[in-house]
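Structure below is my_file_14.txt: compact mmCIF, C-alpha atoms.
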# COMPACT_ATOMS: atom_id res chain seq x y z
CA MET A 25 -11.49 -18.51 -14.90
CA GLN A 26 -13.29 -15.15 -14.69
CA HIS A 27 -13.56 -13.23 -11.43
CA GLN A 28 -17.22 -14.01 -10.74
CA ALA A 29 -16.66 -17.69 -11.47
CA VAL A 30 -13.80 -17.73 -8.96
CA ILE A 31 -15.97 -16.05 -6.33
CA ASP A 32 -18.83 -18.47 -6.94
CA THR A 33 -16.52 -21.50 -6.89
CA ILE A 34 -14.94 -20.53 -3.57
CA ARG A 35 -18.29 -19.72 -2.00
CA ASP A 36 -19.77 -23.03 -3.13
CA ALA A 37 -16.73 -24.95 -1.87
CA LEU A 38 -17.23 -23.55 1.63
CA ALA A 39 -20.99 -23.16 1.76
CA GLU A 40 -21.71 -26.47 3.51
CA ASP A 41 -18.73 -26.49 5.87
CA PRO A 42 -19.77 -25.34 9.38
CA ARG A 43 -16.19 -24.48 10.27
CA VAL A 44 -16.60 -21.39 8.10
CA ARG A 45 -18.92 -19.14 10.05
CA ALA A 46 -18.83 -16.34 7.48
CA LEU A 47 -17.20 -15.36 4.20
CA PHE A 48 -17.21 -11.83 2.84
CA LEU A 49 -15.88 -10.07 -0.22
CA SER A 50 -13.77 -7.05 0.65
CA GLY A 51 -11.59 -4.61 -1.28
CA SER A 52 -12.51 -3.52 -4.78
CA PHE A 53 -15.09 -6.27 -5.32
CA SER A 54 -17.07 -5.05 -2.32
CA ASN A 55 -16.98 -1.33 -3.12
CA GLY A 56 -17.63 -1.44 -6.87
CA LEU A 57 -14.13 -0.35 -7.94
CA ALA A 58 -12.97 -3.69 -9.36
CA ASP A 59 -11.78 -4.00 -12.93
CA ALA A 60 -10.40 -6.78 -15.11
CA TYR A 61 -7.02 -6.52 -13.36
CA SER A 62 -8.20 -6.57 -9.75
CA ASP A 63 -7.33 -9.24 -7.26
CA ILE A 64 -10.12 -10.74 -5.16
CA ASP A 65 -10.07 -10.00 -1.43
CA PHE A 66 -11.97 -12.10 1.09
CA VAL A 67 -12.55 -12.04 4.82
CA LEU A 68 -13.20 -15.46 6.32
CA VAL A 69 -14.51 -15.94 9.87
CA ALA A 70 -13.81 -19.19 11.71
CA GLU A 71 -14.40 -19.98 15.36
CA ASP A 72 -10.69 -20.44 16.13
CA GLY A 73 -9.34 -18.10 13.48
CA ALA A 74 -6.44 -18.94 11.17
CA THR A 75 -5.71 -22.50 12.21
CA ASP A 76 -3.84 -24.99 10.03
CA GLU A 77 -7.15 -26.74 9.43
CA ILE A 78 -8.81 -23.57 8.10
CA ALA A 79 -5.78 -22.71 5.99
CA GLU A 80 -5.93 -26.14 4.37
CA LEU A 81 -9.66 -25.76 3.81
CA TRP A 82 -9.01 -22.46 2.05
CA ARG A 83 -6.28 -24.00 -0.08
CA ASP A 84 -8.67 -26.72 -1.21
CA ALA A 85 -11.21 -24.06 -2.20
CA ILE A 86 -8.64 -22.07 -4.18
CA ALA A 87 -7.43 -25.25 -5.89
CA ARG A 88 -10.91 -25.66 -7.38
CA THR A 89 -10.37 -22.42 -9.31
CA GLY A 90 -7.10 -23.48 -10.93
CA GLU A 91 -3.57 -24.73 -10.36
CA ILE A 92 -1.95 -22.88 -7.46
CA VAL A 93 1.48 -21.56 -8.50
CA LEU A 94 2.10 -19.22 -5.52
CA TRP A 95 0.96 -19.82 -1.96
CA TRP A 96 1.97 -17.52 0.90
CA ASP A 97 0.47 -19.09 3.99
CA ARG A 98 0.06 -16.59 6.83
CA LYS A 99 3.55 -15.21 6.22
CA PRO A 100 3.36 -11.39 5.64
CA VAL A 101 0.62 -11.03 8.28
CA PRO A 102 -0.34 -13.86 10.66
CA VAL A 103 -3.91 -14.08 9.32
CA LEU A 104 -3.33 -13.31 5.63
CA ILE A 105 -3.02 -15.92 2.87
CA ASN A 106 -2.06 -14.88 -0.66
CA ALA A 107 -2.52 -17.17 -3.66
CA ILE A 108 -1.98 -16.96 -7.41
CA THR A 109 -3.25 -19.59 -9.83
CA ALA A 110 -1.76 -20.56 -13.19
CA ASP A 111 -3.97 -18.06 -15.07
CA TRP A 112 -2.64 -15.37 -12.71
CA MET A 113 -5.84 -14.93 -10.75
CA ARG A 114 -4.85 -13.38 -7.42
CA THR A 115 -6.78 -13.98 -4.21
CA ASP A 116 -6.15 -12.74 -0.69
CA VAL A 117 -7.98 -13.86 2.43
CA VAL A 118 -7.88 -12.44 5.94
CA ILE A 119 -8.96 -15.07 8.47
CA LEU A 120 -10.53 -13.81 11.68
CA LYS A 121 -12.22 -15.04 14.81
CA PRO A 122 -15.87 -13.93 15.21
CA ALA A 123 -15.04 -11.17 17.70
CA GLN A 124 -12.49 -9.66 15.32
CA ILE A 125 -14.98 -8.94 12.54
CA ALA A 126 -16.31 -6.03 14.61
CA ALA A 127 -13.38 -3.96 13.37
CA HIS A 128 -14.94 -3.98 9.88
CA ALA A 129 -17.90 -2.04 8.49
CA ARG A 130 -20.80 -3.10 6.28
CA ASP A 131 -19.90 -0.73 3.44
CA ALA A 132 -16.52 -2.47 3.08
CA LEU A 133 -17.88 -6.01 2.88
CA GLU A 134 -20.27 -8.06 0.78
CA PRO A 135 -21.57 -11.20 2.50
CA LEU A 136 -21.24 -14.52 0.68
CA ILE A 137 -21.76 -16.82 3.67
CA ASP A 138 -23.07 -15.53 7.00
CA ARG A 139 -24.33 -18.32 9.24
CA ASP A 140 -24.48 -16.18 12.40
CA ALA A 141 -25.78 -12.93 10.85
CA LEU A 142 -22.53 -11.17 11.70
CA TYR A 143 -22.98 -8.66 8.90
CA GLU A 144 -25.98 -7.08 10.63
CA THR A 145 -23.96 -6.52 13.82
CA LEU A 146 -21.39 -4.32 12.05
CA ARG A 147 -21.39 -0.53 11.92
CA ALA A 148 -22.61 0.95 8.67
CA SER A 149 -19.29 2.57 7.76
CA ALA A 150 -15.88 3.10 9.26
CA PRO A 151 -14.90 6.60 10.39
CA ALA A 152 -12.60 8.57 8.11
CA ARG A 153 -8.94 7.86 8.70
CA PRO A 154 -7.48 10.77 10.67
CA PRO A 155 -4.13 12.25 9.64
CA ASP A 156 -1.13 10.74 11.42
CA PRO A 157 1.27 13.58 12.40
CA ALA A 158 3.95 11.18 13.64
CA LYS A 159 3.91 9.26 10.36
CA LEU A 160 4.19 12.46 8.32
CA ARG A 161 7.14 13.65 10.41
CA ARG A 162 8.88 10.29 9.98
CA GLN A 163 8.35 10.36 6.20
CA ILE A 164 9.77 13.88 5.94
CA GLU A 165 12.79 12.91 8.01
CA ASP A 166 13.36 9.81 5.90
CA PHE A 167 13.22 11.84 2.69
CA ILE A 168 15.87 14.21 4.06
CA ARG A 169 17.96 11.26 5.28
CA ILE A 170 17.93 9.61 1.83
CA LEU A 171 18.71 12.96 0.22
CA GLY A 172 21.69 13.35 2.54
CA LEU A 173 23.07 9.97 1.51
CA LEU A 174 23.71 11.48 -1.92
CA HIS A 175 27.13 12.66 -0.72
CA LEU A 176 28.01 9.07 0.16
CA ALA A 177 26.82 7.66 -3.18
CA ALA A 178 28.73 10.33 -5.08
CA GLY A 179 31.87 9.99 -2.96
CA ARG A 180 32.01 6.22 -3.41
CA ALA A 181 30.87 6.38 -7.05
CA GLU A 182 27.97 4.13 -6.01
CA TYR A 183 25.74 5.22 -8.86
CA ILE A 184 23.56 2.11 -8.77
CA ASN A 185 22.83 2.82 -5.12
CA GLY A 186 22.12 6.39 -6.16
CA VAL A 187 19.44 5.09 -8.50
CA LEU A 188 17.89 3.18 -5.59
CA GLY A 189 17.92 6.41 -3.60
CA VAL A 190 15.93 8.15 -6.35
CA PHE A 191 13.33 5.38 -6.22
CA HIS A 192 12.97 5.89 -2.45
CA LEU A 193 12.57 9.64 -2.92
CA ARG A 194 9.94 8.99 -5.58
CA ASN A 195 7.99 6.69 -3.27
CA HIS A 196 7.91 9.38 -0.60
CA LEU A 197 6.70 11.94 -3.14
CA VAL A 198 3.93 9.60 -4.31
CA GLU A 199 2.84 9.04 -0.70
CA LEU A 200 2.73 12.79 -0.14
CA LEU A 201 0.66 13.39 -3.27
CA ILE A 202 -1.84 10.72 -2.27
CA GLU A 203 -2.06 12.26 1.19
CA GLU A 204 -2.86 15.60 -0.44
CA THR A 205 -5.86 14.17 -2.29
CA GLN A 206 -7.21 12.17 0.69
CA ALA A 207 -8.86 9.88 -1.85
CA PRO A 208 -11.31 7.36 -0.37
CA HIS A 209 -10.89 3.64 -1.07
CA ARG A 210 -7.17 4.00 -1.52
CA GLY A 211 -6.52 0.34 -2.32
CA GLY A 212 -3.06 -0.75 -3.39
CA ILE A 213 -0.22 1.05 -5.12
CA LEU A 214 -1.43 -0.22 -8.51
CA HIS A 215 -4.36 2.22 -8.39
CA LEU A 216 -2.44 5.48 -8.76
CA ASN A 217 -4.50 6.68 -11.72
CA ARG A 218 -7.56 7.19 -9.56
CA LEU A 219 -5.64 8.46 -6.52
CA LEU A 220 -3.76 11.34 -8.18
CA THR A 221 -5.00 14.45 -9.93
CA ALA A 222 -3.93 15.35 -13.45
CA ALA A 223 -1.71 18.12 -12.04
CA GLN A 224 -0.03 15.69 -9.64
CA LYS A 225 0.63 13.23 -12.46
CA ASP A 226 2.25 16.05 -14.41
CA VAL A 227 4.58 16.67 -11.45
CA LEU A 228 5.68 13.02 -11.42
CA THR A 229 6.07 12.59 -15.17
CA ALA A 230 8.16 15.77 -15.44
CA LEU A 231 10.81 14.49 -13.03
CA PRO A 232 14.01 13.03 -14.49
CA PRO A 233 14.43 9.26 -14.67
CA PRO A 234 17.01 7.54 -12.47
CA VAL A 235 20.22 6.98 -14.42
CA PRO A 236 23.34 5.37 -12.85
CA GLU A 237 25.67 8.21 -13.75
CA ARG A 238 27.11 10.80 -11.39
CA GLN A 239 25.54 14.01 -12.71
CA ALA A 240 22.23 12.35 -13.59
CA MET A 241 22.05 10.95 -10.05
CA ILE A 242 22.75 14.37 -8.53
CA ASP A 243 20.27 16.14 -10.80
CA ALA A 244 17.53 13.63 -9.98
CA HIS A 245 18.03 14.01 -6.23
CA LEU A 246 17.81 17.78 -6.52
CA ALA A 247 14.72 17.60 -8.72
CA TYR A 248 12.92 15.43 -6.19
CA ALA A 249 14.00 17.68 -3.33
CA ARG A 250 12.66 20.69 -5.24
CA SER A 251 9.35 18.95 -5.79
CA TYR A 252 8.89 17.26 -2.42
CA LEU A 253 10.21 19.51 0.31
CA PRO A 254 8.06 22.64 -0.30
CA ARG A 255 4.92 20.53 -0.57
CA ALA A 256 5.83 18.55 2.53
CA ARG A 257 6.55 21.75 4.46
CA GLN A 258 3.14 23.12 3.49
CA MET A 259 1.42 19.94 4.66
CA ALA A 260 3.42 19.92 7.89
CA GLN A 261 2.23 23.45 8.63
CA LYS A 262 -1.36 22.47 7.86
CA ARG A 263 -1.18 19.39 10.10
CA GLY A 264 0.67 21.09 12.95
CA VAL A 265 3.80 18.97 12.45
CA GLU A 266 7.08 20.52 13.52
CA TRP A 267 9.49 20.71 10.60
CA PRO A 268 12.93 19.12 11.20
CA GLU A 269 14.69 22.42 10.52
CA ARG A 270 18.04 21.53 12.05
CA PHE A 271 18.20 18.18 10.28
CA GLU A 272 17.38 19.70 6.91
CA ALA A 273 19.86 22.54 7.42
CA ALA A 274 22.63 20.12 8.42
CA THR A 275 21.85 17.98 5.37
CA TRP A 276 22.16 20.91 2.94
CA GLN A 277 25.36 22.01 4.67
CA ARG A 278 26.82 18.54 4.14
CA LEU A 279 25.75 18.46 0.49
CA ASP A 280 27.18 21.93 -0.05
CA ALA A 281 30.51 21.04 1.57
CA SER A 282 30.88 17.73 -0.30
CA LEU A 283 29.24 18.45 -3.66
CA GLY A 284 28.72 22.21 -3.83
CA LEU A 285 24.93 21.81 -3.84
CA ALA A 286 22.65 24.57 -2.61
CA ARG A 287 19.08 24.18 -1.43
CA PRO A 288 17.05 24.21 -4.68
CA TYR A 289 13.94 25.92 -3.34
Re-express the file's structure as structure tokens.
Amino acid sequence: MQHQAVIDTIRDALAEDPRVRALFLSGSFSNGLADAYSDIDFVLVAEDGATDEIAELWRDAIARTGEIVLWWDRKPVPVLINAITADWMRTDVVILKPAQIAAHARDALEPLIDRDALYETLRASAPARPPDPAKLRRQIEDFIRILGLLHLAAGRAEYINGVLGVFHLRNHLVELLIEETQAPHRGGILHLNRLLTAAQKDVLTALPPPVPERQAMIDAHLAYARSYLPRARQMAQKRGVEWPERFEAATWQRLDASLGLARPY
């Protein structure tokens, strides 16, 4: 079933049920950024929120679009239900009480059902997300912590764990690059092409792949440190975030003593 057919089917399934006070499209289908690979995000408003009754009503609506092969019922977040049908159509719904919809903005929603005219009560747009200094500091510290674990992976010959460490370092670098661009409508991790600049993509593609061998593991950790730490330091200065100088220095001292590694930048 095509995306629009799924949307229409779900809307029609709920249109006459008064327990559903409102149903909105959100995510990429509300802001015009959807493509053939997008999932469909909904916000459903019910008087008592995400009750078992409403969850079952939603399941019945999804079942009209195809055989449900994955159903996560309010597990990752108390009000979120994820579903995948046999043709791999993905739908997510956030279920709210009427008062909770005020946290949303009109430019992030498209009304499908709106019995109480809730859409008109919402602000036009949400304010820009301010930088989070505490989050940036924690990410920098975690990068240095993972880097420091290199001496453990090398000492124990845990090269598979070393590969996992490289993946964690890469994730932190990707987060930093996205933060540099401050791209609107970030969406999920599967939208990197529109979140990163060509120069940033070049940085990522030039880095060595993770290989479960001692020297390859060491080289990859150093390459990511060389790429991440100067950029992170620059952002920390810009955001007024104190750099964890002592922690970084102690980490390089440990890597030097155990593996003969010097700071690569």
| task | For each of A:Ile242, A:Ala79, A:Val198, A:Ala58, take the minimum atom-to-atom distance to Lys225 (chain A), counting all atoms listed in the file, then give the residue where this is smallest. | result | A:Val198
Quick one: residues within 12 Å of Ala273 (chain A), only C-alpha atoms, excluding same-chain residues fewer than 5 positions away - as a PDB file with C-alpha atoms, in the coordinates of the input?
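Saved to around38.pdb:
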ATOM      1  CA  GLU A 165      12.790  12.910   8.010  1.00  0.00           C
ATOM      2  CA  ILE A 168      15.870  14.210   4.060  1.00  0.00           C
ATOM      3  CA  ARG A 169      17.960  11.260   5.280  1.00  0.00           C
ATOM      4  CA  GLY A 172      21.690  13.350   2.540  1.00  0.00           C
ATOM      5  CA  TRP A 267       9.490  20.710  10.600  1.00  0.00           C
ATOM      6  CA  PRO A 268      12.930  19.120  11.200  1.00  0.00           C
ATOM      7  CA  ARG A 278      26.820  18.540   4.140  1.00  0.00           C
ATOM      8  CA  LEU A 279      25.750  18.460   0.490  1.00  0.00           C
ATOM      9  CA  ASP A 280      27.180  21.930  -0.050  1.00  0.00           C
ATOM     10  CA  ALA A 286      22.650  24.570  -2.610  1.00  0.00           C
ATOM     11  CA  ARG A 287      19.080  24.180  -1.430  1.00  0.00           C
TER      12      ARG A 287
END
| field | Using only C-alpha atoms: which of A:Val101, A:Leu47, A:Leu160, A:Ile92 has the shortest distance to Lys121 (chain A) | value |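 Using only C-alpha atoms, the shortest distance to Lys121 (chain A) belongs to A:Leu47.
Atom to atom, CA of Glu272 (chain A) and CA of Leu231 (chain A) stand 21.6 Å apart.
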| message | From the options A:Val118, A:Ala244, A:Leu283, A:Arg153, which residue's atoms come nearest to Leu176 (chain A), counting all atoms listed in the file? | response |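 Smallest distance to Leu176 (chain A) is found for A:Leu283.
For the choices A:Leu136, A:Ala29, A:Met241, A:Arg270, the atom-to-atom distance to Ile184 (chain A) is smallest for A:Met241 when using only C-alpha atoms.
The interatomic distance for the pair CA of Leu220 (chain A) and CA of Pro236 (chain A) works out to 28.1 Å.
Using only C-alpha atoms, the shortest contact distance between Leu120 (chain A) and any of A:Gly56, A:Gly73, A:Pro100, A:Pro154 is found at A:Gly73.
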Please, which residues in region 118-159 of chain A fall within 12 Å of region 252-264 of chain A when counting only C-alpha atoms, and what is the closest atom pair and distance in Å to one decimal for each, ordered by chain then residue number, as CSV?
residue,atom,partner,partner_atom,distance
A:Pro154,CA,A:Arg263,CA,10.7
A:Pro155,CA,A:Arg263,CA,7.7
A:Asp156,CA,A:Arg263,CA,8.8
A:Pro157,CA,A:Arg263,CA,6.7
A:Ala158,CA,A:Arg263,CA,10.3
A:Lys159,CA,A:Ala260,CA,11.0
| query | A:Ala127, A:Leu104, A:Arg45, A:Tyr289: which is nearest Ala247 (chain A), counting all atoms listed in the file? | reply |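 When distances to Ala247 (chain A) are compared using all atoms listed in the file, the smallest one comes from A:Tyr289.
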| said: For His245 (chain A), find every residue with an atom within 9 Å (counting all atoms listed in the file), except residues of its own chain fewer than 6 positions away, and show them as a PyMOL selection string. | reply: chain A and resi 171+174+186+189-190+193
| For CA of Ile64 (chain A) and CA of Asn217 (chain A), the interatomic separation in Å (one decimal) | 19.4 Å
Box along x, y and z, 6 Å on every side, all listed atoms of region 120-126 of chain A inside: centre and edge lengths in Å to one decimal, as lines of an AutoDock Vina configuration file.
center_x = -13.4
center_y = -10.5
center_z = 14.7
size_x = 17.8
size_y = 21.0
size_z = 18.0
| Please, which residues are within 12 Å of (-23.5, -15.8, 11.7) by the file's coordinates, counting only C-alpha atoms, and could they come as a PyMOL selection string? | chain A and resi 42-48+68-71+121-123+125+135-146
| Quick one: residues within 12 Å of Val117 (chain A), only C-alpha atoms counted, chain neighbours fewer than 5 positions away excluded, as JSON, numbers by chain? | {"A": [34, 47, 48, 49, 50, 51, 63, 64, 65, 66, 67, 68, 69, 73, 74, 78, 79, 82, 83, 85, 86, 95, 96, 97, 98, 101, 102, 103, 104, 105, 106, 107, 108]}
